[in-house]
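Remarks on the structure that follows.
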Amino acid sequence: MSSSEETTGKRYSARMRTTLSFWNVLGEAAARHCCDIHAYVLMTNHVHLLMTSHDGMGIGKVMQSVGRKYVRYFNHRYGHSGTLWEGRYRVTLIDSEHYLFSCMHYIELNPVRAGMVDQASAYPWSSYKCNALGKQDELVTPHLAYLGLAGVADDRRAAYRACLRAVLDVTTADEIREATNRAWVLGCDRFKAEIEGQLGRRVAPSTRGGDRKSSVAR
C-alpha cells in the first residue's frame with residue numbers, strides 16, 4: 001500500500017468513526033426526548049431527519065442535545081474549539097397525509113442526487129436499507145403511514161420501493177427545500193389553513209395551487 005493510499009484509508013476510517021459517533025448521539029437524544037426518527041441521511045456536511053415528537057419541544061431538545069454532546073466529542077478528538085455548525089438547525093411541520101413519502105424519498109435518495117453513489121442502498125448512513133430492504137436500524141421507528149402500506153413486512157417494503165422508484169418531481173422537491181429553508185409548513189392548502197388557525201399567523205407563502213398529492217405519495 002502506498003503512503004497516499006494509507007492516508008486515504010486513515011481519513012476514511014476517521015470519517016466512519018465520527019459519523020458513527022453522531023449516529024449514536026442522535027439515537028440517544030431521540031430516545032431521551034421521546035422523538036421517533038422515520039427517515040434520515042447523514043451527509044458529509046449536513047443531515048436530514050424526518051421526525052415525530054411526542055413532546056411539543058422534543059425536536060428542539062434533540063437537536064440541542066446532539067449539538068452539545070457531538071461538538072464536545074469532535075472538538076476533543078480533533079483538537080478543535082467552538083461550534084461546528086454554520087447556523088441554527090431548520091425545521092418544518094409536514095402534512096404526513098400528502099407529503100410523508102415525498103419527504104422520505106427526498107431524504108433517502110439525497111446521496112444519489114448528490115452523485116455520491118449510484119444506488120441508495122450503497123450509501124451506509126441513511127434509513128433506506130431499513131425502510132426499503134428490512135435491515136435492522138435502531139435509529140428508525142416506522143411511521144404509521146409506512147406501516148399502512150401493507151400488512152406483511154415484505155409486501156410493505158416492496159410497496160415502499162415502488163414509491164421510491166417514482167421520480168420526485170421538481171416542483172415537490174422545490175417545495176420541500178423552500179419549506180425547510182424558510183420554516184414554512186409543508187402541506188396541502190387545507191392543512192396549512194388549519195395550522196394558521198391554531199397559531200394565528202401565516203405559515204406558508206402565497207398559495208400557488210389547490211390541494212394535491214405528490215406523484216410519489218399517490
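Labels used: A, B, ... for chains in the order of the C-alpha cells, numbers from 1 for residues in each chain, and numbers from 1 for ligands as shown.
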Find the residues near Ala159 (chain A): any atom within 12 Å, counting only C-alpha atoms, skip ones fewer than 4 places away on the same chain, and give them as a list in words. Phe101, Asn131, Ala132, Leu133, Ala145, Tyr146, Leu147, Gly148, Leu149, Ala150, Gly151, Val152, Ala153, Asp154, Asp155, Cys163, Leu164, Arg165, Ala166, Val216, Ala217 and Arg218 of chain A
Could you give me, as a PyMOL selection string, the residues within 9 Å of Trp184 (chain A), counting only C-alpha atoms and dropping anything in the same chain fewer than 6 positions from it? chain A and resi 91-93+178+202-205
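We find CA of Leu139 (chain A) and CA of Asp118 (chain A) to be spaced 23.8 Å apart.
In this model, the gap between CA of Asp55 (chain A) and CA of Ala179 (chain A) comes to 21.9 Å.
Proximity to Val167 (chain A) was assessed for A:Met63, A:Leu109, A:Ala30, A:Leu50 counting only C-alpha atoms; the smallest distance is recorded for A:Leu109.
Between Tyr40 (chain A) and the candidates A:Leu168, A:Val62, A:Cys130, A:Ala122, the tightest atom-to-atom separation, counting only C-alpha atoms, involves A:Cys130.
When only C-alpha atoms are used to measure the gap to Arg77 (chain A), the shortest distance among A:Ala120, A:Trp125, A:Thr18, A:Glu194 belongs to A:Thr18.
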Choose the residue, out of A:Ala193, A:Val112, A:Cys103, A:Leu49, that has the smallest atom-to-atom separation from Thr172 (chain A); count only C-alpha atoms.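 Once distances to Thr172 (chain A) are computed over only C-alpha atoms, the minimum belongs to A:Cys103.
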I need the residues in region 12-212 of chain A that are alpha helix (DSSP H) according to DSSP; give them as a PyMOL selection string. chain A and resi 12-32+58-78+96-108+110-113+128-133+144-147+153-165+170-182+189-199
Between A:Leu144, A:Met43, A:Val170, A:Val117, which one has atoms that come closest to Met16 (chain A), using only C-alpha atoms?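 The closest residue to Met16 (chain A) is A:Met43.
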Two-atom distance - CA of Cys34 (chain A), CA of Asp137 (chain A) (Å):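 CA of Asp137 (chain A) lies 17.3 Å from CA of Cys34 (chain A).
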